[in-house]
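Down below is the structure, laid out as structure tokens.
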Amino acid sequence: ILSLITTCLVLLTAKSKKTLAKPGVKNVVLVEGVRTPFLQSGTTYADLMPHDLARAALQGLLHRTGFPKEAVDYIVYGTVIQEVKTSNVAREAALGAGFSDRTPAHTVTMACISSNQAMTTAVGLIAAGQCDAVVAGGVEFMSDVPIRHSRKMRKTMLSLNKAKTLGARLSLLGSIRLAHLSPELPAVAEFSTAETMGHSADRLAAAFGVSRQEQDEFALRSHTLAKKAQDEGLLSDIVGFKVPGKDIVSKDNGIRPSTMEQMAKLKPAFVKPHGTVTAANSSYLTDGASAVLIMSEEKALAMGYKPKAYLRDFVYVSQDPKDQLLLGPTYATPKVLERSGLTLADIDVFEFHEAFAGQILANLKAMESDWFAQNCMGRKAKVGAPPLDKFNMWGGSLSLGHPFAATGCRLVTTVAHRLKKEGGQYGLVAACAAGGQGHAMVIEAYPQ
Amino acid sequence: MLQCRFFLNGYVLNMCLFLYLFTLLTSLCTLSFCLCQKTSRTHVNYEVKGDVAVVRINDPTSKVNTLSVHMQKEMAEVLGEVWSNDAVKSAVLISSKPGCFIAGADINMIQACKSAEEVTYISQEGQKMFEKIEKSPKPIVAAINGSCLGGGLEFAIACQYRVATKSKKTVLGTPEVLLGLLPAAGGTQRLPKMVGLPSAFDMTLTGRNIRADKAKKMGLVHQLVDTLGPGLKGPEERTMEYLEEVAIECARGIVNKKIPLTKEKGMMQKVQDYVMSFPFVRNQIYNTVQKKVMKQTKGLYPAPLNIIDCVKSGVEQGSDAGYLAESQNFGKLAMTTESKALIGLYHGQVACKKNRFGVPEKEVKTLAILGAGLMGAGIAQVTVDKGIHTIMKDTTLEGLNRGHQQVYKGLNDKTKKKSITSFERDTTLSNLTGQLDYSGFQNADMVIEAVFEDIAIKHKVIKEVEAVIPPHCIFASNTSALPIKDIAAASKRPEKVIGMHYFSPVDKMQLLEIITTDKTSKDTTASAVAVGLKQGKIIIVVGDGPGFYTTRCLAPMLAEAVRVLQEGVDPKKLDSLTTGFGFPVGAATLADEVGIDVAAHVAEDLGKAFGPRLGGGNPELLKTMVEKGFKGRKTGKGCYVYQPGLKSKEVNMELNDILESFKLTPNPAVSSDSDVQYRLVSRFVNEAVMCLQEGILANPVEGDIGAVFGLGFPPCLGGPFRFVDTFGADKLVEKMRRFEDVYGNQFTPCPLLLDHAKDPSKKFHK
């Protein structure tokens, strides 16, 4: 018996020591991750521009790491709702943040997983041997969004530029009708289906039989855990931001633990009157930016940095943008685990993007369902749902806020911090995104 | 190609709409096997969830639910139990079938009746049952997913509240008028109150299907429920459950007074109600509707007039009078030949939507079309949106561009009507390849040629195509008159050659005439039928011969029309005579739409094949018209002058000179209006009967369907064969003999028609 136990112990320790390094593949590490405080849109950040927020995150990263600017090989930044004046916001923000003007920068967009895409682009550049130190991140600024003139009006205005005579200009101006003046507002809606995301989330929750009460409970959990993390000072990825003309912001402002009774009073926001998704159990419009420093392990060590974590396997998935819009995590999780040779039980820390409480719960139910695995994913069996005691323990997008393109870096940095704090080995990040896409990444703790 | 462009006609006649809608009515009838088990119920069941009784309808013998005698009996029992159960406070009525709530009353139940009184009794029973539901002390919520038509809709609107899914399959409507009947279980009484007089007339007189979102706007349903994707169960199953959950909540809400049953009226509604409170206004509406109906039906269809009468009785004289009028008119209508003809067409149409040749060995996944003209592009239009990769090949870039635009426009119009999204339009179009060469033909499973009607060109094309297509690929010809065996003569593999005769405009005309030769294999036929069904067509499969069935029937009628013109009847008069008989498009307009050149071509071809028997007017008349450029609508001049943008059209005055030079003196003995009508119709009918006699037609049903859906034979007559049955073969023969005396063998009744004339017990339809 004793020998058996010893074998077990040996096996256990062996297992916990197993690293996911792959022969012939460079080890890519997260050196540091920071973010601005996430604020509800229309609050303290209201008068800024997107690149201002991005600048704050980038400066914060430089400040915290003391990293020499000229050593940054490349900058990749994500954004979703684009400010047309700064369409390559990566470059504008980098210049403004005092990075070297010799460091190229490009902007990526992939809805809510834009900064995940920025990070994996960085991983790719490093793994391919093209770069050694890449800054990735993302920014979203919902306090101001581009509202356009109507197509008719734009057409008239463009023709006006070309009109040569006064008569031609006057006749063009005369053609303007009341209908020309109605503006085009951007909507958080799918282009392909014209369905708003909240509506889709409500249908998704209904499809999986997620009740209003379950959603409210989950939202309350998120806010409660976020508050706790905030109070205990665990949200150490935040860098304070002096907003010109206003106070220094150093805390997220959307964390508001409520009560079930209060939450139950809200009316459904999208599917009326019988829907279950409300303002209280959805993520809200948020302003914020994040940034991470990703390096090859050898370079980081050579420069004297102690990495926080290894960035290991990652996957992107996509599925039906109508009925499975927000099921990205369900599809991505088993796939990335298989790539890493891990099972769900191996994961110590889960950080999933919480778009809607109903969406998270639907994903958890889908992952727990053999029927779904077999009929929709073509898998033999379910992957299983993450245990809640390892899941989003420091709050999530529902409570901390969700600046679309900044969330990905927050998730990865949080996994690294939680792994260190909780002493775990592997972490899993997963997120859904508009367009019916999804992403997951396995993160390994850096040996202490 | 025979181009019966009925629908593009300036004054689109409602009869066409009628035909079109008719086939939307796909599921009104089932066989009702009466599995009368006394112990347990088979069609209606219920369970009590908390304080709500969930009543489930499911006819185990059919894909759809119909209000059969059996269903009604069980429903009455169940509702009785619900009402007497004190624990139950409210009820939800829902179907267990995903695509169907209740598709209507059981047609067979009505057809089985021998007298108007019996039918009236059925109506009254229905009225009583729904009245009980309307007055139910416990609120009943109808939870609708799928078709909710006819009696099904009447049932639903008798309930206190209606919840419907947004599924594309969810449609509400009262299609009874399309069967020559009326909504006879309170429909004509409740609808005006619910949706207002104008909408009620629109619904009951057109029989059109109303989608859920529109129904909500009209006030026909109270609440909509989204369809769901897959969750822990299949999408349809879960959507049904969700509908039930929402409906149960509604039922509770009504009981708790959280959901009011009377809606606060909007300003528009109040104004409308006020206006409607004047008898003068209402009378004006009745008159306008009456006039419109008379104009469109020429008084040939009794049902719409009866519907107006029922609505009027109810609104003006109170519900007792209304209900009485409804049930009595229903009884009368059920006994009319018009209703029997329309019901016959309905059954025929259902039969022609089945593939009697079995499942083809290989499914057609890639279909290539030769020619991007009106027909070729039309075929592409109905193919590309069925998930079939469609190749459209033309010889010129201009032709291809025109064809591509036609397909795009067809889809874009659907987008404008919001029946598809712009995204669906784009993904559908991605299935279409336009090209000038034969690349990709090596993957084609079927090739349909729609090139010019010239045997030499057809032969050239078949040889070119056979050099590139795989061995299993079927070659179909969309010809309207050339015998398929002549086309197949150039083929190395005649067993793979078949005729597929589409009607123009392809996306509107529902008929597809498939022509098989002696050599066509059964699998080739099965495959052609399968493709046609996928394209949404009603299919008749006929034997080979000049003009097959449809063109052959039309040719003598058009030849006769030419003679009528020569005898001094002007085109407008000719049109009114034919439409007065029930044809949706007059003969002169039809000739213009078909194209005078095409008509001349066909007349010549068939004239050669059948000799003077198929003649009539002087074929030189048509040729002269073609020479002068009067080719019909496409050239702007034919029998009429067509001006772009103008809906009304004037008779082509230049035609008078031509007619003058071909003038014939009419024989007064056979030139009364009625005689002219019967001269036209009897030649059509005689030719149809002859096709059956010769085995071109497999059965009279297909003959009727082909004539009505392809050529616009009066639907109220049910097709040439039903017309002979109803009118009497002997009476028809008698008329033809009279015409024969004047015009000779063109009016000689065929032997099969004579058989029927001799023996009145012989009928084409039982």
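Naming scheme: A, B, ... for chains in displayed order of the structure tokens; residues 1 onward per chain; ligands 1 onward as shown.
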Would you tabulate, counting only C-alpha atoms, all residues of chain B that have an atom at most 10 Å from an atom of chain A, showing the closest pair of atoms and their distance in Å to one decimal, sorted by chain then ascending number, as a tab-separated table?
residue	atom	partner	partner_atom	distance
B:Gln223	CA	A:Pro273	CA	8.6
B:Leu224	CA	A:Lys272	CA	9.0
B:Val225	CA	A:His274	CA	8.6
B:Asp226	CA	A:Arg203	CA	7.1
B:Thr227	CA	A:Arg203	CA	7.7
B:Leu228	CA	A:Ala207	CA	5.5
B:Gly229	CA	A:Asp323	CA	4.6
B:Pro230	CA	A:Ala207	CA	6.4
B:Gly231	CA	A:Phe208	CA	4.7
B:Leu232	CA	A:Phe208	CA	5.8
B:Lys233	CA	A:Trp371	CA	7.1
B:Gly234	CA	A:Asn375	CA	8.6
B:Pro235	CA	A:Ala207	CA	7.6
B:Glu237	CA	A:Ala207	CA	9.9
B:Arg238	CA	A:Ala207	CA	6.4
B:Thr239	CA	A:Ala207	CA	7.5
B:Glu241	CA	A:Ala207	CA	9.5
B:Tyr242	CA	A:Ala206	CA	7.1
B:Glu245	CA	A:His274	CA	9.8
B:Val246	CA	A:His274	CA	6.8
B:Ala247	CA	A:His274	CA	9.9
B:Glu249	CA	A:His274	CA	8.4
B:Cys250	CA	A:His274	CA	9.0
B:Thr421	CA	A:Thr193	CA	7.4
B:Ser422	CA	A:Ser192	CA	8.0
B:Phe423	CA	A:Ser192	CA	5.4
B:Glu424	CA	A:Ser192	CA	8.2
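Summary of the local environment: counting only C-alpha atoms, residues at most 6 Å from segment 305-314 of chain B, other than itself and those fewer than 6 positions away along its chain, are Thr188, Gln189, Ala321, Gly322, Ala325 and Glu326 of chain B.
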What would the file look like if the residues just selected were written as a PDB file, in the first residue's frame with N, CA and C atoms?
ATOM      1  N   THR B 188     -66.059  34.941 -40.337  1.00  0.00           N
ATOM      2  CA  THR B 188     -66.547  36.165 -40.981  1.00  0.00           C
ATOM      3  C   THR B 188     -67.146  37.115 -39.954  1.00  0.00           C
ATOM      4  N   GLN B 189     -67.398  36.614 -38.756  1.00  0.00           N
ATOM      5  CA  GLN B 189     -67.998  37.449 -37.723  1.00  0.00           C
ATOM      6  C   GLN B 189     -66.955  38.041 -36.783  1.00  0.00           C
ATOM      7  N   ALA B 321     -77.830  37.093 -36.965  1.00  0.00           N
ATOM      8  CA  ALA B 321     -78.030  37.093 -38.411  1.00  0.00           C
ATOM      9  C   ALA B 321     -76.732  36.726 -39.116  1.00  0.00           C
ATOM     10  N   GLY B 322     -75.632  37.241 -38.592  1.00  0.00           N
ATOM     11  CA  GLY B 322     -74.329  36.975 -39.191  1.00  0.00           C
ATOM     12  C   GLY B 322     -73.982  35.494 -39.160  1.00  0.00           C
ATOM     13  N   ALA B 325     -76.207  33.608 -41.562  1.00  0.00           N
ATOM     14  CA  ALA B 325     -75.786  33.811 -42.957  1.00  0.00           C
ATOM     15  C   ALA B 325     -74.531  33.004 -43.241  1.00  0.00           C
ATOM     16  N   GLU B 326     -73.612  33.017 -42.275  1.00  0.00           N
ATOM     17  CA  GLU B 326     -72.345  32.314 -42.461  1.00  0.00           C
ATOM     18  C   GLU B 326     -72.560  30.814 -42.674  1.00  0.00           C
TER      19      GLU B 326
END
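Computed from the coordinates, the atom CA of Asp486 of chain B to atom CA of Ala599 of chain B distance equals 20.4 Å.
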If you run DSSP over the backbone, which residues in segment 419-646 of chain B end up strand (DSSP E)? Put them as a tab-separated table (two decimals) with all heavy atoms, in the first residue's frame.
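Saved the output as result_36.tsv:
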chain	number	residue	atom	x	y	z
B	432	LEU	N	-24.27	31.04	-57.37
B	432	LEU	CA	-24.47	31.19	-58.81
B	432	LEU	C	-23.14	31.53	-59.51
B	432	LEU	O	-22.43	32.43	-59.09
B	432	LEU	CB	-25.48	32.31	-59.07
B	432	LEU	CG	-25.79	32.62	-60.53
B	432	LEU	CD1	-26.64	31.52	-61.14
B	432	LEU	CD2	-26.51	33.96	-60.65
B	433	THR	N	-22.85	30.78	-60.55
B	433	THR	CA	-21.66	31.08	-61.35
B	433	THR	C	-22.14	31.45	-62.75
B	433	THR	O	-22.88	30.68	-63.36
B	433	THR	CB	-20.75	29.85	-61.47
B	433	THR	OG1	-20.69	29.21	-60.20
B	433	THR	CG2	-19.36	30.23	-61.91
B	434	GLY	N	-21.71	32.58	-63.24
B	434	GLY	CA	-22.05	32.95	-64.61
B	434	GLY	C	-20.82	32.83	-65.48
B	434	GLY	O	-19.73	33.23	-65.07
B	435	GLN	N	-20.96	32.24	-66.65
B	435	GLN	CA	-19.78	32.03	-67.47
B	435	GLN	C	-20.12	31.89	-68.94
B	435	GLN	O	-21.28	31.71	-69.32
B	435	GLN	CB	-19.03	30.79	-66.98
B	435	GLN	CG	-19.92	29.55	-67.02
B	435	GLN	CD	-19.29	28.39	-66.28
B	435	GLN	OE1	-18.86	28.53	-65.13
B	435	GLN	NE2	-19.23	27.25	-66.93
B	446	MET	N	-26.80	17.86	-63.66
B	446	MET	CA	-27.89	18.05	-64.60
B	446	MET	C	-27.62	19.31	-65.41
B	446	MET	O	-27.11	20.30	-64.88
B	446	MET	CB	-29.23	18.19	-63.86
B	446	MET	CG	-30.42	18.39	-64.78
B	446	MET	SD	-31.98	18.59	-63.89
B	446	MET	CE	-32.44	16.91	-63.59
B	447	VAL	N	-27.93	19.24	-66.70
B	447	VAL	CA	-27.82	20.42	-67.55
B	447	VAL	C	-29.21	20.70	-68.11
B	447	VAL	O	-29.87	19.78	-68.61
B	447	VAL	CB	-26.82	20.19	-68.70
B	447	VAL	CG1	-26.82	21.39	-69.65
B	447	VAL	CG2	-25.42	19.94	-68.17
B	448	ILE	N	-29.68	21.92	-67.98
B	448	ILE	CA	-30.95	22.29	-68.61
B	448	ILE	C	-30.63	23.30	-69.70
B	448	ILE	O	-30.02	24.34	-69.42
B	448	ILE	CB	-31.93	22.91	-67.60
B	448	ILE	CG1	-32.21	21.92	-66.46
B	448	ILE	CG2	-33.24	23.30	-68.28
B	448	ILE	CD1	-33.14	22.46	-65.39
B	449	GLU	N	-31.03	22.98	-70.91
B	449	GLU	CA	-30.75	23.95	-71.97
B	449	GLU	C	-31.98	24.82	-72.17
B	449	GLU	O	-33.11	24.34	-72.17
B	449	GLU	CB	-30.29	23.24	-73.26
B	449	GLU	CG	-31.34	22.38	-73.97
B	449	GLU	CD	-32.32	23.17	-74.83
B	449	GLU	OE1	-32.06	24.36	-75.06
B	449	GLU	OE2	-33.35	22.59	-75.22
B	474	ILE	N	-27.59	14.44	-66.32
B	474	ILE	CA	-28.84	14.42	-67.10
B	474	ILE	C	-28.88	15.65	-68.00
B	474	ILE	O	-28.49	16.74	-67.59
B	474	ILE	CB	-30.04	14.41	-66.14
B	474	ILE	CG1	-30.08	13.07	-65.42
B	474	ILE	CG2	-31.35	14.68	-66.87
B	474	ILE	CD1	-30.94	13.07	-64.19
B	475	PHE	N	-29.38	15.45	-69.22
B	475	PHE	CA	-29.54	16.58	-70.13
B	475	PHE	C	-31.03	16.85	-70.29
B	475	PHE	O	-31.78	16.01	-70.78
B	475	PHE	CB	-28.90	16.26	-71.49
B	475	PHE	CG	-28.96	17.43	-72.44
B	475	PHE	CD1	-27.93	18.36	-72.50
B	475	PHE	CD2	-30.05	17.60	-73.29
B	475	PHE	CE1	-27.99	19.44	-73.36
B	475	PHE	CE2	-30.11	18.68	-74.16
B	475	PHE	CZ	-29.08	19.60	-74.20
B	476	ALA	N	-31.45	18.01	-69.85
B	476	ALA	CA	-32.86	18.36	-69.96
B	476	ALA	C	-33.04	19.52	-70.92
B	476	ALA	O	-32.22	20.43	-70.95
B	476	ALA	CB	-33.41	18.74	-68.59
B	477	SER	N	-34.09	19.45	-71.70
B	477	SER	CA	-34.35	20.52	-72.65
B	477	SER	C	-35.58	21.30	-72.23
B	477	SER	O	-36.63	20.71	-71.94
B	477	SER	CB	-34.57	19.92	-74.04
B	477	SER	OG	-34.99	20.94	-74.92
B	497	VAL	N	-31.75	11.84	-71.49
B	497	VAL	CA	-32.34	13.06	-72.07
B	497	VAL	C	-33.82	13.14	-71.70
B	497	VAL	O	-34.55	12.15	-71.77
B	497	VAL	CB	-32.15	13.07	-73.60
B	497	VAL	CG1	-32.77	14.34	-74.19
B	497	VAL	CG2	-30.68	13.00	-73.96
B	498	ILE	N	-34.23	14.32	-71.32
B	498	ILE	CA	-35.61	14.52	-70.85
B	498	ILE	C	-36.03	15.95	-71.17
B	498	ILE	O	-35.17	16.82	-71.40
B	498	ILE	CB	-35.69	14.22	-69.32
B	498	ILE	CG1	-37.13	14.02	-68.87
B	498	ILE	CG2	-34.99	15.32	-68.50
B	498	ILE	CD1	-37.25	13.34	-67.52
B	499	GLY	N	-37.33	16.18	-71.21
B	499	GLY	CA	-37.82	17.54	-71.43
B	499	GLY	C	-38.26	18.15	-70.11
B	499	GLY	O	-38.91	17.48	-69.30
B	500	MET	N	-37.89	19.40	-69.88
B	500	MET	CA	-38.39	20.11	-68.70
B	500	MET	C	-38.91	21.45	-69.20
B	500	MET	O	-38.15	22.37	-69.46
B	500	MET	CB	-37.29	20.30	-67.65
B	500	MET	CG	-36.93	19.02	-66.93
B	500	MET	SD	-35.50	19.20	-65.84
B	500	MET	CE	-36.28	19.72	-64.32
B	501	HIS	N	-40.21	21.52	-69.35
B	501	HIS	CA	-40.84	22.70	-69.94
B	501	HIS	C	-41.32	23.62	-68.83
B	501	HIS	O	-42.30	23.33	-68.15
B	501	HIS	CB	-42.01	22.23	-70.84
B	501	HIS	CG	-42.79	23.36	-71.44
B	501	HIS	ND1	-44.07	23.19	-71.91
B	501	HIS	CD2	-42.48	24.65	-71.65
B	501	HIS	CE1	-44.51	24.35	-72.38
B	501	HIS	NE2	-43.57	25.24	-72.24
B	502	TYR	N	-40.58	24.71	-68.64
B	502	TYR	CA	-40.95	25.72	-67.64
B	502	TYR	C	-41.83	26.76	-68.30
B	502	TYR	O	-41.85	26.91	-69.51
B	502	TYR	CB	-39.70	26.39	-67.07
B	502	TYR	CG	-38.85	25.50	-66.22
B	502	TYR	CD1	-37.89	24.67	-66.79
B	502	TYR	CD2	-39.01	25.47	-64.84
B	502	TYR	CE1	-37.10	23.85	-66.00
B	502	TYR	CE2	-38.22	24.65	-64.05
B	502	TYR	CZ	-37.27	23.84	-64.63
B	502	TYR	OH	-36.49	23.03	-63.85
B	511	LEU	N	-46.15	25.78	-62.75
B	511	LEU	CA	-46.15	24.48	-63.41
B	511	LEU	C	-44.79	24.16	-64.00
B	511	LEU	O	-44.07	25.02	-64.48
B	511	LEU	CB	-47.20	24.45	-64.52
B	511	LEU	CG	-47.46	23.05	-65.08
B	511	LEU	CD1	-48.21	22.20	-64.09
B	511	LEU	CD2	-48.18	23.10	-66.41
B	512	LEU	N	-44.47	22.87	-63.96
B	512	LEU	CA	-43.35	22.34	-64.72
B	512	LEU	C	-43.87	21.10	-65.45
B	512	LEU	O	-44.43	20.20	-64.82
B	512	LEU	CB	-42.19	21.96	-63.79
B	512	LEU	CG	-41.07	21.13	-64.43
B	512	LEU	CD1	-40.39	21.89	-65.56
B	512	LEU	CD2	-40.03	20.74	-63.38
B	513	GLU	N	-43.73	21.11	-66.76
B	513	GLU	CA	-44.18	19.96	-67.55
B	513	GLU	C	-42.94	19.15	-67.91
B	513	GLU	O	-42.04	19.66	-68.60
B	513	GLU	CB	-44.87	20.47	-68.83
B	513	GLU	CG	-45.47	19.39	-69.69
B	513	GLU	CD	-46.15	19.96	-70.94
B	513	GLU	OE1	-45.72	21.02	-71.44
B	513	GLU	OE2	-47.12	19.34	-71.42
B	514	ILE	N	-42.89	17.96	-67.41
B	514	ILE	CA	-41.73	17.10	-67.69
B	514	ILE	C	-42.11	16.12	-68.78
B	514	ILE	O	-43.19	15.50	-68.73
B	514	ILE	CB	-41.26	16.39	-66.41
B	514	ILE	CG1	-40.61	17.41	-65.49
B	514	ILE	CG2	-40.28	15.25	-66.74
B	514	ILE	CD1	-40.09	16.86	-64.20
B	515	ILE	N	-41.25	16.00	-69.79
B	515	ILE	CA	-41.58	15.17	-70.94
B	515	ILE	C	-40.58	14.02	-71.03
B	515	ILE	O	-39.37	14.25	-71.07
B	515	ILE	CB	-41.54	15.98	-72.25
B	515	ILE	CG1	-42.45	17.20	-72.13
B	515	ILE	CG2	-41.95	15.12	-73.44
B	515	ILE	CD1	-41.73	18.50	-71.94
B	516	THR	N	-41.10	12.82	-71.07
B	516	THR	CA	-40.22	11.65	-71.16
B	516	THR	C	-40.40	11.00	-72.53
B	516	THR	O	-41.50	11.00	-73.08
B	516	THR	CB	-40.56	10.61	-70.08
B	516	THR	OG1	-41.91	10.19	-70.26
B	516	THR	CG2	-40.42	11.19	-68.70
B	538	ILE	N	-45.13	22.58	-59.30
B	538	ILE	CA	-46.17	21.57	-59.41
B	538	ILE	C	-45.86	20.85	-60.72
B	538	ILE	O	-45.67	21.50	-61.75
B	538	ILE	CB	-47.55	22.21	-59.48
B	538	ILE	CG1	-47.81	23.04	-58.22
B	538	ILE	CG2	-48.63	21.17	-59.67
B	538	ILE	CD1	-49.05	23.88	-58.32
B	539	ILE	N	-45.79	19.53	-60.67
B	539	ILE	CA	-45.22	18.83	-61.82
B	539	ILE	C	-46.21	17.88	-62.48
B	539	ILE	O	-46.87	17.08	-61.81
B	539	ILE	CB	-43.97	18.05	-61.37
B	539	ILE	CG1	-42.90	19.06	-60.94
B	539	ILE	CG2	-43.43	17.17	-62.51
B	539	ILE	CD1	-41.74	18.46	-60.23
B	540	ILE	N	-46.29	17.97	-63.80
B	540	ILE	CA	-46.99	16.92	-64.54
B	540	ILE	C	-45.95	16.25	-65.42
B	540	ILE	O	-45.03	16.89	-65.92
B	540	ILE	CB	-48.17	17.46	-65.38
B	540	ILE	CG1	-47.71	18.46	-66.44
B	540	ILE	CG2	-49.22	18.11	-64.50
B	540	ILE	CD1	-48.80	18.83	-67.45
B	541	VAL	N	-46.05	14.94	-65.52
B	541	VAL	CA	-45.10	14.20	-66.35
B	541	VAL	C	-45.88	13.65	-67.53
B	541	VAL	O	-46.84	12.88	-67.35
B	541	VAL	CB	-44.45	13.06	-65.55
B	541	VAL	CG1	-43.46	12.29	-66.44
B	541	VAL	CG2	-43.72	13.62	-64.34
B	542	VAL	N	-45.52	14.06	-68.73
B	542	VAL	CA	-46.30	13.69	-69.91
B	542	VAL	C	-45.43	12.99	-70.93
B	542	VAL	O	-44.19	13.04	-70.86
B	542	VAL	CB	-46.95	14.94	-70.56
B	542	VAL	CG1	-47.81	15.69	-69.55
B	542	VAL	CG2	-45.90	15.86	-71.15
B	543	GLY	N	-46.10	12.36	-71.88
B	543	GLY	CA	-45.39	11.66	-72.94
B	543	GLY	C	-44.89	12.63	-74.00
B	543	GLY	O	-45.28	13.79	-74.04
B	640	TYR	N	-51.94	44.72	-79.22
B	640	TYR	CA	-52.06	46.01	-78.54
B	640	TYR	C	-50.78	46.80	-78.73
B	640	TYR	O	-49.75	46.27	-79.15
B	640	TYR	CB	-52.28	45.79	-77.03
B	640	TYR	CG	-53.60	45.14	-76.70
B	640	TYR	CD1	-53.69	43.76	-76.54
B	640	TYR	CD2	-54.76	45.90	-76.54
B	640	TYR	CE1	-54.91	43.15	-76.23
B	640	TYR	CE2	-55.97	45.31	-76.23
B	640	TYR	CZ	-56.03	43.93	-76.09
B	640	TYR	OH	-57.22	43.36	-75.77
B	641	VAL	N	-50.85	48.09	-78.34
B	641	VAL	CA	-49.65	48.92	-78.32
B	641	VAL	C	-49.24	49.08	-76.85
B	641	VAL	O	-50.08	49.39	-76.01
B	641	VAL	CB	-49.92	50.31	-78.92
B	641	VAL	CG1	-48.67	51.17	-78.85
B	641	VAL	CG2	-50.40	50.17	-80.36
Practice problem: Go through A:Ala163, A:Ala128, A:Met49, A:Leu400 and flag the residue nearest Leu225 of chain A, using only C-alpha atoms for the distances. | Solution: A:Leu400
Quiz item: Leaving out Asn652 of chain B and any residue of its chain fewer than 2 positions from it, which residues lie within 7 Å of it when counting only C-alpha atoms, given as a PyMOL selection string?
Solution: chain B and resi 637-641+650+654-655
